[in-house]
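Peer 1: First the structure, which I've put down as structure tokens, then a few questions once you've had a look.
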Amino acid sequence: MSTTLTEKKMPEPRNGVDTPTLFATINAVGAQPELAQFRFRAVNRWQQGTHSRTRIQSFYGAGGEQMHEREFTYDADHPTVLVGRDQAPTPVEFLLHALASCLTAGIGNIAAARGVTLHEVESTLEGEIDLQGILGLSDRVRNGYRSIRAAFTIKGDAPAEKLAQIVEQSRKRSAVYDVLTNGVPVEIVVNAG
């Protein structure tokens, strides 16, 4: 039995990505856009000092409430030089992790969708911050990062130009990159008692 030009071969799983499921998900959401509406949540509780713990387990998506296969917990703290006990990374370091992991996940999916086998993907992210703002020493210094740099090393079975295009496509589709570069409204609700 021969394959005609009108038949499209479904890509095989690649780079640990279930590519057929990826395309099936894209097609399902294309047919029912309401399935794309997600609401992620995190519950954080203060431990002591600058140390807190976040639990992540449930979220809304694909038309209903969902549960991760297990609960994830993440601690955050400040280093001793910033009056913490250094029991975990700082929240701004988690932001770098979020950006790096979002971009890297996109690279894995996009490469698999394009039929590129990856051999290595590594990134180093650095954020420049002036603490005078958060320490209340200057109203002219912003509280957050003033710049972030992400440097990627990527190797695979495609030319360097195609690998660079994969990284660029991941940047264009990254939710975390979008939030950081375009901002998002954040509402603070206080229930004090």
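The way I read the labels, and the way they are meant: chains A, B, ... in the order of the structure tokens, residue 1 as the first residue of every chain, and ligand 1 as the first ligand shown, with later ones counted on from there.
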Can you pull out every residue within 10 Å of Arg70 (chain A), counting only C-alpha atoms, but drop anything in the same chain fewer than 4 positions away, and send it as a ChimeraX atom specification?
Peer 2: /A:56-58
Peer 1: For region 28-118 of chain A against region 172-185 of chain A, with a cut-off of 9 Å and counting only C-alpha atoms, what is the closest atom pair and its distance in Å to one decimal for every residue that makes the cut, ordered by chain and number, as a tab-separated table?
Peer 2:
residue	atom	partner	partner_atom	distance
A:Leu95	CA	A:Val176	CA	8.8
A:Ala98	CA	A:Val176	CA	6.8
A:Leu99	CA	A:Val176	CA	5.5
A:Ala100	CA	A:Val176	CA	8.9
A:Cys102	CA	A:Ser174	CA	6.1
A:Leu103	CA	A:Ser174	CA	6.0
A:Ala105	CA	A:Ser174	CA	9.0
A:Gly106	CA	A:Ser174	CA	6.9
Peer 1: I need the helix (DSSP H, G or I) residues of region 66-124 of chain A per DSSP on the backbone, written as a ChimeraX atom specification.
Peer 2: /A:80-82,91-113
Peer 1: Between A:Val43, A:Ile166, A:Leu135, A:Val116, which one has atoms that come closest to Leu82 (chain A), using only C-alpha atoms?
Peer 2: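 Among A:Val43, A:Ile166, A:Leu135, A:Val116, it is A:Leu135 that comes nearest to Leu82 (chain A).
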Peer 1: Can you pull out every residue within 10 Å of region 152-163 of chain A, counting only C-alpha atoms, but drop anything in the same chain fewer than 6 positions away, and send it as a short mmCIF file (atom, residue, chain, number, x, y, z; two decimals) with C-alpha atoms, in the first residue's frame?
Peer 2:
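Writing done, so here's result_5.cif:
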data_model
loop_
_atom_site.label_atom_id
_atom_site.label_comp_id
_atom_site.auth_asym_id
_atom_site.auth_seq_id
_atom_site.Cartn_x
_atom_site.Cartn_y
_atom_site.Cartn_z
CA ALA A 100 13.81 29.28 31.58
CA LEU A 103 11.11 28.61 27.02
CA THR A 104 12.75 25.18 27.27
CA ILE A 107 11.74 24.39 22.49
CA ALA A 111 11.46 20.85 17.82
CA ARG A 114 9.18 20.17 13.30
CA GLY A 115 10.81 16.73 13.29
CA VAL A 116 14.06 17.93 14.92
CA THR A 117 15.81 15.65 17.38
CA LEU A 118 17.47 17.62 20.14
CA HIS A 119 20.77 16.56 21.68
CA GLU A 120 21.24 19.39 24.18
CA VAL A 121 19.38 22.47 25.38
CA GLU A 122 20.86 24.56 28.15
CA SER A 123 20.15 28.11 29.19
CA THR A 124 21.61 30.55 31.67
CA LEU A 125 19.36 33.35 32.84
CA GLN A 169 9.34 30.45 18.02
#
Peer 1: Can you list, as a PyMOL selection string, every protein, DNA or RNA residue that comes within 9 Å of Ala113 (chain A) when you count only C-alpha atoms, leaving out same-chain residues fewer than 2 positions away?
Peer 2: chain A and resi 11-14+17+19-20+22-23+108-111+115-116
Peer 1: For Arg53 (chain A), list every protein, DNA or RNA residue within 9 Å, evaluated using only C-alpha atoms, and leave out those in the same chain fewer than 2 positions away; present the list as a PyMOL selection string.
Peer 2: chain A and resi 43-47+51+55+73-77
Peer 1: Keeping only N, CA, C and O atoms, take the residues you just selected and write them out as a PDB file, in the first residue's frame.
Peer 2:
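As a result, result_38.pdb now contains:
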ATOM      1  N   VAL A  43      -1.252  27.950  46.423  1.00  0.00           N
ATOM      2  CA  VAL A  43      -1.601  28.323  47.794  1.00  0.00           C
ATOM      3  C   VAL A  43      -0.302  28.436  48.577  1.00  0.00           C
ATOM      4  O   VAL A  43       0.458  27.470  48.673  1.00  0.00           O
ATOM      5  N   ASN A  44      -0.060  29.636  49.111  1.00  0.00           N
ATOM      6  CA  ASN A  44       1.196  29.911  49.814  1.00  0.00           C
ATOM      7  C   ASN A  44       0.919  30.153  51.286  1.00  0.00           C
ATOM      8  O   ASN A  44      -0.081  30.775  51.644  1.00  0.00           O
ATOM      9  N   ARG A  45       1.815  29.660  52.137  1.00  0.00           N
ATOM     10  CA  ARG A  45       1.685  29.869  53.585  1.00  0.00           C
ATOM     11  C   ARG A  45       3.038  30.280  54.161  1.00  0.00           C
ATOM     12  O   ARG A  45       4.056  29.651  53.890  1.00  0.00           O
ATOM     13  N   TRP A  46       3.004  31.350  54.929  1.00  0.00           N
ATOM     14  CA  TRP A  46       4.206  31.838  55.610  1.00  0.00           C
ATOM     15  C   TRP A  46       4.686  30.809  56.609  1.00  0.00           C
ATOM     16  O   TRP A  46       3.888  30.214  57.336  1.00  0.00           O
ATOM     17  N   GLN A  47       5.995  30.571  56.671  1.00  0.00           N
ATOM     18  CA  GLN A  47       6.590  29.649  57.645  1.00  0.00           C
ATOM     19  C   GLN A  47       7.172  30.435  58.823  1.00  0.00           C
ATOM     20  O   GLN A  47       6.760  30.275  59.942  1.00  0.00           O
ATOM     21  N   HIS A  51      10.728  33.041  54.988  1.00  0.00           N
ATOM     22  CA  HIS A  51      10.497  31.696  54.452  1.00  0.00           C
ATOM     23  C   HIS A  51       8.997  31.433  54.291  1.00  0.00           C
ATOM     24  O   HIS A  51       8.222  31.637  55.218  1.00  0.00           O
ATOM     25  N   ARG A  55       1.981  25.411  47.793  1.00  0.00           N
ATOM     26  CA  ARG A  55       1.449  24.124  47.364  1.00  0.00           C
ATOM     27  C   ARG A  55       0.706  24.329  46.046  1.00  0.00           C
ATOM     28  O   ARG A  55      -0.066  25.276  45.891  1.00  0.00           O
ATOM     29  N   THR A  73       5.233  21.018  46.155  1.00  0.00           N
ATOM     30  CA  THR A  73       5.497  22.052  47.149  1.00  0.00           C
ATOM     31  C   THR A  73       6.838  22.708  46.842  1.00  0.00           C
ATOM     32  O   THR A  73       7.793  22.037  46.424  1.00  0.00           O
ATOM     33  N   TYR A  74       6.864  24.021  47.014  1.00  0.00           N
ATOM     34  CA  TYR A  74       8.068  24.804  46.750  1.00  0.00           C
ATOM     35  C   TYR A  74       8.258  25.796  47.891  1.00  0.00           C
ATOM     36  O   TYR A  74       7.324  26.497  48.264  1.00  0.00           O
ATOM     37  N   ASP A  75       9.445  25.830  48.418  1.00  0.00           N
ATOM     38  CA  ASP A  75       9.778  26.800  49.443  1.00  0.00           C
ATOM     39  C   ASP A  75      10.496  27.972  48.807  1.00  0.00           C
ATOM     40  O   ASP A  75      11.173  27.814  47.785  1.00  0.00           O
ATOM     41  N   ALA A  76      10.342  29.131  49.411  1.00  0.00           N
ATOM     42  CA  ALA A  76      11.074  30.322  48.999  1.00  0.00           C
ATOM     43  C   ALA A  76      11.588  31.009  50.256  1.00  0.00           C
ATOM     44  O   ALA A  76      10.953  30.958  51.311  1.00  0.00           O
ATOM     45  N   ASP A  77      12.747  31.628  50.148  1.00  0.00           N
ATOM     46  CA  ASP A  77      13.358  32.312  51.272  1.00  0.00           C
ATOM     47  C   ASP A  77      14.298  33.367  50.718  1.00  0.00           C
ATOM     48  O   ASP A  77      14.415  33.527  49.493  1.00  0.00           O
TER      49      ASP A  77
END
Peer 1: So the first atom is CA of Phe72 (chain A) and the second is CA of Ala88 (chain A); what is the distance between them in Å, to one decimal place?
Peer 2: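 Separating CA of Phe72 (chain A) from CA of Ala88 (chain A) is a distance of 14.8 Å.
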Peer 1: For CA of Ala150 (chain A) and CA of Val92 (chain A), quote the distance in Å rounded to one decimal.
Peer 2: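 Computed distance, CA of Ala150 (chain A) to CA of Val92 (chain A), equals 14.7 Å.
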Peer 1: Quick check for you: according to DSSP on this backbone, which residues of chain A are classed as strand (DSSP E or B)? Reply as a PyMOL selection string.
Peer 2: chain A and resi 14+17+39-40+43-48+51-61+64-76+118-128+147-156
